[in-house]
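Listing of query03.cif, mmCIF, C-alpha atoms, pLDDT in the B column; chains and numbers go by the auth columns
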data_target
loop_
_atom_site.group_PDB
_atom_site.id
_atom_site.type_symbol
_atom_site.label_atom_id
_atom_site.label_comp_id
_atom_site.label_asym_id
_atom_site.label_seq_id
_atom_site.Cartn_x
_atom_site.Cartn_y
_atom_site.Cartn_z
_atom_site.B_iso_or_equiv
_atom_site.auth_seq_id
_atom_site.auth_asym_id
ATOM 1 C CA MET A 1 15.013 28.938 -2.979 85.00 813 A
ATOM 2 C CA ARG A 2 11.609 27.366 -3.475 89.00 814 A
ATOM 3 C CA TYR A 3 12.586 25.906 -6.820 90.00 815 A
ATOM 4 C CA LEU A 4 15.889 24.708 -5.410 90.00 816 A
ATOM 5 C CA LEU A 5 14.070 22.960 -2.578 91.00 817 A
ATOM 6 C CA LEU A 6 11.605 21.394 -5.017 89.00 818 A
ATOM 7 C CA LEU A 7 14.510 20.230 -7.174 88.00 819 A
ATOM 8 C CA ALA A 8 16.262 18.720 -4.147 89.00 820 A
ATOM 9 C CA VAL A 9 13.107 16.895 -3.050 88.00 821 A
ATOM 10 C CA THR A 10 12.594 15.628 -6.606 85.00 822 A
ATOM 11 C CA LEU A 11 16.124 14.274 -6.771 84.00 823 A
ATOM 12 C CA ILE A 12 15.758 12.547 -3.405 88.00 824 A
ATOM 13 C CA THR A 13 12.392 10.941 -4.197 85.00 825 A
ATOM 14 C CA VAL A 14 12.568 10.283 -7.932 85.00 826 A
ATOM 15 C CA GLY A 15 16.342 9.881 -8.266 82.00 827 A
ATOM 16 C CA PRO A 16 16.597 6.316 -6.879 85.00 828 A
ATOM 17 C CA PHE A 17 13.728 5.149 -9.089 85.00 829 A
ATOM 18 C CA LEU A 18 15.351 6.608 -12.221 87.00 830 A
ATOM 19 C CA TRP A 19 18.687 5.086 -11.248 85.00 831 A
ATOM 20 C CA GLN A 20 17.157 1.621 -10.843 86.00 832 A
ATOM 21 C CA LEU A 21 15.401 1.994 -14.196 88.00 833 A
ATOM 22 C CA SER A 22 18.646 3.061 -15.824 87.00 834 A
ATOM 23 C CA THR A 23 20.536 0.153 -14.259 86.00 835 A
ATOM 24 C CA SER A 24 17.943 -2.359 -15.456 86.00 836 A
ATOM 25 C CA LEU A 25 18.379 -1.168 -19.059 87.00 837 A
ATOM 26 C CA LYS A 26 22.199 -1.030 -19.160 85.00 838 A
ATOM 27 C CA GLY A 27 24.093 -3.511 -21.257 81.00 839 A
ATOM 28 C CA VAL A 28 26.465 -6.103 -19.843 78.00 840 A
ATOM 29 C CA GLY A 29 29.542 -4.118 -20.853 76.00 841 A
ATOM 30 C CA GLU A 30 28.470 -0.924 -19.095 76.00 842 A
ATOM 31 C CA ASN A 31 29.850 -0.118 -15.662 76.00 843 A
ATOM 32 C CA VAL A 32 27.046 0.227 -13.103 75.00 844 A
ATOM 33 C CA TYR A 33 29.370 1.699 -10.459 73.00 845 A
ATOM 34 C CA GLY A 34 31.261 4.093 -12.733 70.00 846 A
ATOM 35 C CA TYR A 35 32.056 7.669 -11.757 73.00 847 A
ATOM 36 C CA PRO A 36 30.699 10.053 -12.785 76.00 848 A
ATOM 37 C CA PRO A 37 27.468 8.057 -12.864 72.00 849 A
ATOM 38 C CA GLN A 38 25.924 7.461 -16.273 77.00 850 A
ATOM 39 C CA LEU A 39 22.141 7.833 -16.063 78.00 851 A
ATOM 40 C CA LEU A 40 21.368 7.185 -19.730 80.00 852 A
ATOM 41 C CA PRO A 41 22.404 3.684 -20.916 82.00 853 A
ATOM 42 C CA ARG A 42 24.747 3.715 -23.898 81.00 854 A
ATOM 43 C CA HIS A 43 23.460 0.349 -25.113 81.00 855 A
ATOM 44 C CA PRO A 44 19.938 -0.083 -23.689 84.00 856 A
ATOM 45 C CA THR A 45 18.568 -3.602 -23.574 85.00 857 A
ATOM 46 C CA THR A 46 15.601 -5.462 -22.102 86.00 858 A
ATOM 47 C CA ASP A 47 17.426 -8.799 -21.793 86.00 859 A
ATOM 48 C CA HIS A 48 17.607 -8.444 -18.013 86.00 860 A
ATOM 49 C CA TYR A 49 13.820 -8.408 -17.774 89.00 861 A
ATOM 50 C CA ALA A 50 13.713 -11.611 -19.804 88.00 862 A
ATOM 51 C CA ASN A 51 16.250 -13.144 -17.401 85.00 863 A
ATOM 52 C CA VAL A 52 13.977 -12.331 -14.461 87.00 864 A
ATOM 53 C CA PHE A 53 10.991 -14.066 -16.073 88.00 865 A
ATOM 54 C CA SER A 54 13.092 -17.080 -17.060 85.00 866 A
ATOM 55 C CA THR A 55 14.542 -17.448 -13.553 83.00 867 A
ATOM 56 C CA LEU A 56 11.478 -16.845 -11.363 84.00 868 A
ATOM 57 C CA PRO A 57 7.753 -17.599 -11.732 89.00 869 A
ATOM 58 C CA VAL A 58 7.063 -13.880 -11.722 88.00 870 A
ATOM 59 C CA LEU A 59 3.432 -14.160 -12.805 90.00 871 A
ATOM 60 C CA GLU A 60 2.687 -16.636 -9.997 92.00 872 A
ATOM 61 C CA TYR A 61 4.346 -14.416 -7.402 92.00 873 A
ATOM 62 C CA ALA A 62 2.588 -11.346 -8.796 91.00 874 A
ATOM 63 C CA THR A 63 -0.763 -13.134 -8.601 93.00 875 A
ATOM 64 C CA ASN A 64 -0.146 -13.969 -4.942 94.00 876 A
ATOM 65 C CA SER A 65 0.783 -10.353 -4.227 93.00 877 A
ATOM 66 C CA LEU A 66 -2.291 -9.158 -6.102 93.00 878 A
ATOM 67 C CA VAL A 67 -4.587 -11.407 -4.060 94.00 879 A
ATOM 68 C CA VAL A 68 -3.121 -10.120 -0.788 95.00 880 A
ATOM 69 C CA ALA A 69 -3.053 -6.461 -1.851 94.00 881 A
ATOM 70 C CA VAL A 70 -6.588 -6.399 -3.277 94.00 882 A
ATOM 71 C CA SER A 71 -8.038 -8.184 -0.247 95.00 883 A
ATOM 72 C CA CYS A 72 -6.270 -5.745 2.094 95.00 884 A
ATOM 73 C CA ALA A 73 -7.526 -2.761 0.107 93.00 885 A
ATOM 74 C CA LEU A 74 -11.103 -4.071 0.267 95.00 886 A
ATOM 75 C CA THR A 75 -11.018 -4.914 3.984 96.00 887 A
ATOM 76 C CA ASN A 76 -9.482 -1.553 4.854 95.00 888 A
ATOM 77 C CA CYS A 77 -12.218 0.240 2.927 94.00 889 A
ATOM 78 C CA VAL A 78 -14.997 -1.843 4.493 94.00 890 A
ATOM 79 C CA PHE A 79 -13.855 -2.071 8.099 94.00 891 A
ATOM 80 C CA GLY A 80 -12.147 1.330 8.089 93.00 892 A
ATOM 81 C CA SER A 81 -15.291 3.049 6.820 93.00 893 A
ATOM 82 C CA MET A 82 -17.501 1.369 9.416 93.00 894 A
ATOM 83 C CA ALA A 83 -15.125 2.179 12.268 91.00 895 A
ATOM 84 C CA GLY A 84 -14.570 5.710 10.992 92.00 896 A
ATOM 85 C CA TYR A 85 -18.301 6.364 10.693 91.00 897 A
ATOM 86 C CA ALA A 86 -18.935 5.050 14.211 91.00 898 A
ATOM 87 C CA LEU A 87 -16.210 7.285 15.663 91.00 899 A
ATOM 88 C CA ALA A 88 -17.349 10.345 13.709 89.00 900 A
ATOM 89 C CA ARG A 89 -21.154 10.128 13.857 86.00 901 A
ATOM 90 C CA MET A 90 -22.279 7.777 16.592 85.00 902 A
ATOM 91 C CA ARG A 91 -22.352 8.504 20.312 85.00 903 A
ATOM 92 C CA PHE A 92 -21.363 5.655 22.606 85.00 904 A
ATOM 93 C CA ALA A 93 -19.445 5.123 25.821 87.00 905 A
ATOM 94 C CA GLY A 94 -15.696 4.822 25.331 86.00 906 A
ATOM 95 C CA ARG A 95 -15.627 6.499 21.932 85.00 907 A
ATOM 96 C CA ARG A 96 -12.605 8.657 22.809 88.00 908 A
ATOM 97 C CA VAL A 97 -10.807 5.671 24.281 91.00 909 A
ATOM 98 C CA ALA A 98 -11.436 3.677 21.111 88.00 910 A
ATOM 99 C CA PHE A 99 -10.158 6.540 18.985 88.00 911 A
ATOM 100 C CA GLY A 100 -7.044 6.767 21.171 88.00 912 A
ATOM 101 C CA ILE A 101 -6.418 3.048 20.710 88.00 913 A
ATOM 102 C CA PHE A 102 -6.595 3.407 16.937 86.00 914 A
ATOM 103 C CA LEU A 103 -4.113 6.278 17.102 86.00 915 A
ATOM 104 C CA ALA A 104 -1.813 4.257 19.357 86.00 916 A
ATOM 105 C CA THR A 105 -1.641 1.439 16.813 85.00 917 A
ATOM 106 C CA MET A 106 -0.099 3.871 14.333 85.00 918 A
ATOM 107 C CA ILE A 107 2.981 4.501 16.501 86.00 919 A
ATOM 108 C CA ILE A 108 3.622 0.920 17.654 86.00 920 A
ATOM 109 C CA PRO A 109 6.527 -0.559 15.659 86.00 921 A
ATOM 110 C CA PHE A 110 5.599 -3.734 13.850 86.00 922 A
ATOM 111 C CA GLU A 111 8.767 -5.428 15.076 85.00 923 A
ATOM 112 C CA SER A 112 7.539 -5.167 18.678 87.00 924 A
ATOM 113 C CA ILE A 113 4.369 -7.201 17.974 88.00 925 A
ATOM 114 C CA MET A 114 5.688 -9.363 15.151 89.00 926 A
ATOM 115 C CA VAL A 115 6.265 -12.464 17.283 90.00 927 A
ATOM 116 C CA SER A 116 2.838 -12.297 18.947 91.00 928 A
ATOM 117 C CA GLU A 117 1.125 -11.862 15.577 91.00 929 A
ATOM 118 C CA PHE A 118 2.952 -14.875 14.189 92.00 930 A
ATOM 119 C CA LEU A 119 1.926 -16.984 17.193 93.00 931 A
ATOM 120 C CA ILE A 120 -1.712 -15.960 16.687 92.00 932 A
ATOM 121 C CA VAL A 121 -1.600 -16.772 12.971 92.00 933 A
ATOM 122 C CA ARG A 122 0.051 -20.107 13.681 92.00 934 A
ATOM 123 C CA SER A 123 -2.529 -20.978 16.355 93.00 935 A
ATOM 124 C CA LEU A 124 -5.228 -20.329 13.754 92.00 936 A
ATOM 125 C CA ARG A 125 -3.369 -22.686 11.366 92.00 937 A
ATOM 126 C CA LEU A 126 -3.040 -19.877 8.835 91.00 938 A
ATOM 127 C CA ASN A 127 0.742 -19.791 8.599 90.00 939 A
ATOM 128 C CA ASP A 128 2.089 -20.442 5.105 91.00 940 A
ATOM 129 C CA THR A 129 -1.155 -19.141 3.586 93.00 941 A
ATOM 130 C CA LEU A 130 -2.040 -15.911 1.835 93.00 942 A
ATOM 131 C CA ILE A 131 -4.847 -15.379 4.360 94.00 943 A
ATOM 132 C CA GLY A 132 -2.256 -15.380 7.129 92.00 944 A
ATOM 133 C CA VAL A 133 -0.327 -12.697 5.246 93.00 945 A
ATOM 134 C CA ALA A 134 -3.394 -10.520 4.758 94.00 946 A
ATOM 135 C CA ILE A 135 -4.937 -10.715 8.259 92.00 947 A
ATOM 136 C CA PRO A 136 -2.563 -8.272 10.056 90.00 948 A
ATOM 137 C CA LEU A 137 -3.061 -5.778 7.211 91.00 949 A
ATOM 138 C CA ALA A 138 -6.855 -6.158 7.037 92.00 950 A
ATOM 139 C CA VAL A 139 -7.462 -2.786 8.714 91.00 951 A
ATOM 140 C CA SER A 140 -5.073 -0.101 9.914 90.00 952 A
ATOM 141 C CA GLY A 141 -5.334 2.861 12.240 89.00 953 A
ATOM 142 C CA LEU A 142 -4.475 5.173 9.350 90.00 954 A
ATOM 143 C CA SER A 143 -7.491 3.983 7.348 92.00 955 A
ATOM 144 C CA VAL A 144 -9.802 4.544 10.307 92.00 956 A
ATOM 145 C CA LEU A 145 -8.347 8.006 10.959 91.00 957 A
ATOM 146 C CA LEU A 146 -8.659 9.150 7.343 91.00 958 A
ATOM 147 C CA LEU A 147 -12.251 7.983 7.027 91.00 959 A
ATOM 148 C CA ARG A 148 -13.212 9.371 10.437 91.00 960 A
ATOM 149 C CA ASN A 149 -12.016 12.818 9.411 89.00 961 A
ATOM 150 C CA ALA A 150 -13.806 12.532 6.069 89.00 962 A
ATOM 151 C CA PHE A 151 -17.095 11.586 7.752 90.00 963 A
ATOM 152 C CA ARG A 152 -16.733 14.415 10.280 88.00 964 A
ATOM 153 C CA ALA A 153 -16.379 16.901 7.427 85.00 965 A
ATOM 154 C CA LEU A 154 -19.815 16.007 6.019 83.00 966 A
ATOM 155 C CA PRO A 155 -22.627 18.491 6.794 83.00 967 A
ATOM 156 C CA ARG A 156 -24.884 17.215 9.536 80.00 968 A
ATOM 157 C CA GLU A 157 -27.924 18.784 7.877 79.00 969 A
ATOM 158 C CA ILE A 158 -27.953 16.066 5.215 77.00 970 A
ATOM 159 C CA GLU A 159 -27.962 13.322 7.810 77.00 971 A
ATOM 160 C CA GLU A 160 -30.608 15.088 9.876 77.00 972 A
ATOM 161 C CA ALA A 161 -32.852 15.321 6.805 79.00 973 A
ATOM 162 C CA ALA A 162 -32.400 11.584 6.287 77.00 974 A
ATOM 163 C CA VAL A 163 -33.422 10.973 9.917 77.00 975 A
ATOM 164 C CA LEU A 164 -36.624 12.936 9.351 76.00 976 A
ATOM 165 C CA ASP A 165 -37.303 10.761 6.306 73.00 977 A
ATOM 166 C CA GLY A 166 -37.056 7.669 8.502 77.00 978 A
ATOM 167 C CA ALA A 167 -33.619 6.434 7.442 76.00 979 A
ATOM 168 C CA LYS A 168 -31.958 4.072 9.902 82.00 980 A
ATOM 169 C CA GLU A 169 -28.319 4.229 10.954 81.00 981 A
ATOM 170 C CA TRP A 170 -27.181 1.666 8.416 84.00 982 A
ATOM 171 C CA GLN A 171 -29.139 3.362 5.623 83.00 983 A
ATOM 172 C CA ARG A 172 -27.591 6.720 6.438 84.00 984 A
ATOM 173 C CA PHE A 173 -24.144 5.158 6.390 86.00 985 A
ATOM 174 C CA TRP A 174 -24.598 3.166 3.174 86.00 986 A
ATOM 175 C CA ARG A 175 -26.659 5.571 1.081 84.00 987 A
ATOM 176 C CA ILE A 176 -25.548 9.018 2.270 85.00 988 A
ATOM 177 C CA ALA A 177 -22.232 9.023 4.117 87.00 989 A
ATOM 178 C CA LEU A 178 -20.297 6.398 2.179 88.00 990 A
ATOM 179 C CA PRO A 179 -20.948 7.775 -1.345 87.00 991 A
ATOM 180 C CA SER A 180 -19.869 11.224 -0.109 85.00 992 A
ATOM 181 C CA VAL A 181 -16.336 10.055 0.801 87.00 993 A
ATOM 182 C CA ARG A 182 -15.447 8.180 -2.386 85.00 994 A
ATOM 183 C CA GLY A 183 -12.248 10.172 -2.704 84.00 995 A
ATOM 184 C CA THR A 184 -11.052 9.193 0.750 88.00 996 A
ATOM 185 C CA LEU A 185 -11.951 5.580 0.028 90.00 997 A
ATOM 186 C CA ALA A 186 -9.689 5.770 -3.029 87.00 998 A
ATOM 187 C CA VAL A 187 -6.870 7.130 -0.840 88.00 999 A
ATOM 188 C CA VAL A 188 -7.362 4.318 1.670 91.00 1000 A
ATOM 189 C CA ALA A 189 -7.463 1.733 -1.114 90.00 1001 A
ATOM 190 C CA ILE A 190 -4.245 3.034 -2.670 89.00 1002 A
ATOM 191 C CA PHE A 191 -2.372 3.216 0.628 90.00 1003 A
ATOM 192 C CA SER A 192 -3.547 -0.239 1.693 92.00 1004 A
ATOM 193 C CA PHE A 193 -2.689 -1.753 -1.682 92.00 1005 A
ATOM 194 C CA VAL A 194 0.781 -0.211 -1.678 90.00 1006 A
ATOM 195 C CA PHE A 195 1.558 -1.246 1.902 92.00 1007 A
ATOM 196 C CA ALA A 196 0.427 -4.828 1.261 93.00 1008 A
ATOM 197 C CA TRP A 197 2.198 -5.071 -2.100 92.00 1009 A
ATOM 198 C CA ASP A 198 5.496 -3.691 -0.765 89.00 1010 A
ATOM 199 C CA ASP A 199 5.460 -5.656 2.492 91.00 1011 A
ATOM 200 C CA PHE A 200 8.455 -7.950 2.721 90.00 1012 A
ATOM 201 C CA LEU A 201 9.181 -8.847 6.335 90.00 1013 A
ATOM 202 C CA TRP A 202 5.795 -10.291 7.312 93.00 1014 A
ATOM 203 C CA PRO A 203 5.344 -12.518 4.209 93.00 1015 A
ATOM 204 C CA LEU A 204 8.933 -13.692 4.658 91.00 1016 A
ATOM 205 C CA ILE A 205 8.106 -14.819 8.209 92.00 1017 A
ATOM 206 C CA VAL A 206 4.729 -16.416 7.487 93.00 1018 A
ATOM 207 C CA LEU A 207 5.363 -18.118 4.147 91.00 1019 A
ATOM 208 C CA SER A 208 7.588 -21.153 3.704 88.00 1020 A
ATOM 209 C CA ASP A 209 6.159 -22.757 0.548 88.00 1021 A
ATOM 210 C CA PRO A 210 7.714 -21.143 -2.571 88.00 1022 A
ATOM 211 C CA GLY A 211 4.387 -21.573 -4.338 88.00 1023 A
ATOM 212 C CA ASN A 212 2.818 -19.050 -1.933 91.00 1024 A
ATOM 213 C CA TYR A 213 5.565 -16.441 -2.124 92.00 1025 A
ATOM 214 C CA THR A 214 4.593 -12.869 -2.852 92.00 1026 A
ATOM 215 C CA LEU A 215 6.521 -10.886 -5.441 90.00 1027 A
ATOM 216 C CA THR A 216 8.682 -9.014 -2.946 89.00 1028 A
ATOM 217 C CA VAL A 217 9.738 -12.258 -1.255 89.00 1029 A
ATOM 218 C CA GLY A 218 10.326 -14.071 -4.545 87.00 1030 A
ATOM 219 C CA ILE A 219 12.465 -11.317 -6.037 85.00 1031 A
ATOM 220 C CA GLN A 220 14.935 -11.551 -3.157 81.00 1032 A
ATOM 221 C CA TYR A 221 16.222 -14.768 -4.741 76.00 1033 A
ATOM 222 C CA LEU A 222 17.640 -12.709 -7.581 74.00 1034 A
ATOM 223 C CA SER A 223 20.271 -11.474 -5.138 69.00 1035 A
ATOM 224 C CA GLY A 224 21.457 -15.038 -4.654 62.00 1036 A
ATOM 225 C CA THR A 225 21.147 -16.165 -8.258 51.00 1037 A
ATOM 226 C CA PHE A 226 22.688 -13.043 -9.782 49.00 1038 A
ATOM 227 C CA THR A 227 24.897 -11.788 -6.983 52.00 1039 A
ATOM 228 C CA ASN A 228 27.227 -9.891 -9.318 62.00 1040 A
ATOM 229 C CA ASP A 229 24.595 -8.695 -11.786 73.00 1041 A
ATOM 230 C CA GLN A 230 22.839 -5.684 -10.347 80.00 1042 A
ATOM 231 C CA ARG A 231 21.134 -5.122 -13.690 83.00 1043 A
ATOM 232 C CA VAL A 232 18.898 -8.181 -13.280 85.00 1044 A
ATOM 233 C CA ILE A 233 18.122 -7.270 -9.661 84.00 1045 A
ATOM 234 C CA ALA A 234 17.154 -3.762 -10.783 86.00 1046 A
ATOM 235 C CA ALA A 235 14.927 -5.259 -13.486 87.00 1047 A
ATOM 236 C CA GLY A 236 13.163 -7.343 -10.839 87.00 1048 A
ATOM 237 C CA THR A 237 12.483 -4.309 -8.686 86.00 1049 A
ATOM 238 C CA MET A 238 11.110 -2.431 -11.698 88.00 1050 A
ATOM 239 C CA ILE A 239 8.713 -5.295 -12.417 88.00 1051 A
ATOM 240 C CA ALA A 240 7.431 -5.055 -8.838 87.00 1052 A
ATOM 241 C CA VAL A 241 6.862 -1.289 -9.152 87.00 1053 A
ATOM 242 C CA VAL A 242 4.867 -1.331 -12.401 83.00 1054 A
ATOM 243 C CA PRO A 243 1.504 -2.404 -10.840 83.00 1055 A
ATOM 244 C CA LEU A 244 1.794 0.347 -8.226 84.00 1056 A
ATOM 245 C CA LEU A 245 2.328 3.001 -10.879 82.00 1057 A
ATOM 246 C CA ALA A 246 -0.601 1.672 -12.908 82.00 1058 A
ATOM 247 C CA LEU A 247 -2.868 1.764 -9.855 80.00 1059 A
ATOM 248 C CA PHE A 248 -1.888 5.311 -8.932 78.00 1060 A
ATOM 249 C CA PHE A 249 -2.340 6.721 -12.430 80.00 1061 A
ATOM 250 C CA ALA A 250 -5.704 4.981 -12.714 79.00 1062 A
ATOM 251 C CA LEU A 251 -6.972 6.451 -9.427 74.00 1063 A
ATOM 252 C CA GLN A 252 -5.018 9.704 -9.182 73.00 1064 A
ATOM 253 C CA ARG A 253 -8.127 11.806 -9.849 74.00 1065 A
ATOM 254 C CA TYR A 254 -9.880 10.277 -6.834 70.00 1066 A
ATOM 255 C CA PHE A 255 -6.668 10.309 -4.814 67.00 1067 A
ATOM 256 C CA PHE A 256 -6.109 14.061 -4.961 66.00 1068 A
ATOM 257 C CA ARG A 257 -9.795 14.726 -4.376 65.00 1069 A
ATOM 258 C CA GLY A 258 -9.792 12.421 -1.371 57.00 1070 A
ATOM 259 C CA VAL A 259 -6.733 14.002 0.224 55.00 1071 A
ATOM 260 C CA GLY A 260 -8.745 17.164 0.813 55.00 1072 A
ATOM 261 C CA GLU A 261 -11.909 15.478 2.050 54.00 1073 A
ATOM 262 C CA GLY A 262 -10.510 14.669 5.475 47.00 1074 A
ATOM 263 C CA GLY A 263 -8.715 17.962 5.815 44.00 1075 A
ATOM 264 C CA VAL A 264 -11.771 20.208 5.962 43.00 1076 A
ATOM 265 C CA LYS A 265 -12.642 19.325 9.502 43.00 1077 A
ATOM 266 C CA GLY A 266 -10.590 17.191 11.836 40.00 1078 A
#
If you took the structure in this file and wrote it as C-alpha cells, what would it be?
Amino acid sequence: MRYLLLLAVTLITVGPFLWQLSTSLKGVGENVYGYPPQLLPRHPTTDHYANVFSTLPVLEYATNSLVVAVSCALTNCVFGSMAGYALARMRFAGRRVAFGIFLATMIIPFESIMVSEFLIVRSLRLNDTLIGVAIPLAVSGLSVLLLRNAFRALPREIEEAAVLDGAKEWQRFWRIALPSVRGTLAVVAIFSFVFAWDDFLWPLIVLSDPGNYTLTVGIQYLSGTFTNDQRVIAAGTMIAVVPLLALFFALQRYFFRGVGEGGVKG
C-alpha cells in the first residue's frame, strides 16, 4: 500500500509535467488529444521551442522575471531573518501579537487585498514597473515563520557566551545566529524565488507596457497566437520551468538541510 500511495502521488505531481514535456516535443502530425494517450513522441522535434523564441522576446521577459524573483528572494531573506530573529530571541511588548499578525497574513487570500495593494502601488507611482511587482512579495509570513523556528532551535548557550564576550544584539544576529541557519535561508530563497517567478495575476494587473512583462505574463500570448497548437504553448511553459529546476538542483543540498532546521523546536 505504501508503494501504491507513493506511485499515485508521483503520478499526480510529476505526471502533468511529463505530459507537458511530451506535448512540447510531439511533431505536427501527432494527435495531442488521442486515446489512449501517447506519452513518448513518435517523431520528437524541438521546432516548437524555436517558434516560441521567434514569436516572443523570451530572453527579455525572462530577464524581467529574474530581476523580480532575485530581488524577492533577497528581501525575504533579509527582512524575514531580521523579523524572525526578533520574534525568536528578543523580548518586547506585543511580540505575541506581532507573531499572530504574521500568521494571519498567511491565511488571507490575495484576491481580498488585491485592489488595495494596487491602489497603494499606484499612489506610489510604481505601477507598470518591476519594483511595483516585487513590493508585495518583498517579505512573506511564511519566510518569517520558517526563520523564527530556525532561530528558536539554536542553543541559547552559544548566544549567552557571546553576551559574556561583549557582543551586541546586531553582532549576535549577524555573526552567530544568521550563519547557523543557512539551510533555512536557502529554503526561504527557493520558496520566494519560485513564488515570484510563477506569479501571474499580480504582474498582469500592475504591468501594462509589454517591455516590462514577466515571463508568465508574456507566455500567455501564445494562447492567442497559437490557439490550436498546444505543442507551442507546452514548449513555452517548459521554458518557464527550466530556471526553477536549475535553481532547485543547485540548492537542493541546502534545501533539505534547511527543512529540518526549523523543525527541531517550534
Around all of stretch 961-969 of chain A's listed atoms, make the axis-aligned box with 8 Å on each side and tell me centre and edge lengths in Å to one decimal, as AutoDock Vina command-line options.
--center_x -20.0 --center_y 15.2 --center_z 8.1 --size_x 31.9 --size_y 23.2 --size_z 20.3
Result set of the PyMOL selection byres ((chain A and resi 1017) around 12) on the coordinates above, as a list in words: Glu923, Met926, Val927, Glu929, Phe930, Leu931, Val933, Arg934, Asn939, Asp940, Thr941, Gly944, Val945, Asp1011, Phe1012, Leu1013, Trp1014, Pro1015, Leu1016, Val1018, Leu1019, Ser1020, Asp1021, Tyr1025, Thr1026 and Val1029 of chain A
Resolved residues for the PyMOL selection byres ((chain A and resi 950) around 12) as an NGL selection string: :A and (880-892 or 943-949 or 951-956 or 1000-1001 or 1004-1005 or 1007-1008)
Selected residue of minimal separation from A:Pro828 among A:Val1054, A:Leu851, A:Val864, A:Ala916, counting all atoms listed in the file: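 Closest to A:Pro828 of all the choices is A:Leu851.
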Distance in Å - atom CA of A:Glu872 versus atom CA of A:Gly1023: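 Taking atom CA of A:Glu872 and atom CA of A:Gly1023, their separation equals 7.7 Å.
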Option closest in space to A:Val999, from A:Trp831, A:Ile970, A:Met1050, A:Leu1063 [counting all atoms listed in the file]: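 Looking only at the distances to A:Val999, the closest residue turns out to be A:Leu1063.
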Two-atom distance - atom CA of A:Ala979, atom CA of A:Gly896 (Å): 19.4 Å
Could you list, as a PDB file with C-alpha atoms, in the frame of the given file, every residue within 8 Å of A:Thr835, counting all atoms listed in the file and ignoring same-chain residues fewer than 5 positions away?
ATOM      1  CA  VAL A 844      27.046   0.227 -13.103  1.00 75.00           C
ATOM      2  CA  PRO A 853      22.404   3.684 -20.916  1.00 82.00           C
ATOM      3  CA  GLN A1042      22.839  -5.684 -10.347  1.00 80.00           C
ATOM      4  CA  ARG A1043      21.134  -5.122 -13.690  1.00 83.00           C
ATOM      5  CA  ALA A1046      17.154  -3.762 -10.783  1.00 86.00           C
ATOM      6  CA  ALA A1047      14.927  -5.259 -13.486  1.00 87.00           C
TER       7      ALA A1047
END
Exercise: residues within 10 Å of coordinate (18.4, -7.6, -12.0), counting only C-alpha atoms, as JSON, numbers by chain: {"A": [832, 835, 836, 837, 859, 860, 861, 862, 863, 864, 1031, 1034, 1035, 1037, 1038, 1039, 1040, 1041, 1042, 1043, 1044, 1045, 1046, 1047, 1048, 1049, 1050, 1051]}
Within-9 Å shell of (8.6, -17.7, -10.3) in input frame, only C-alpha atoms, as a ChimeraX atom specification: /A:864-874,1022-1023,1025,1027,1030-1031
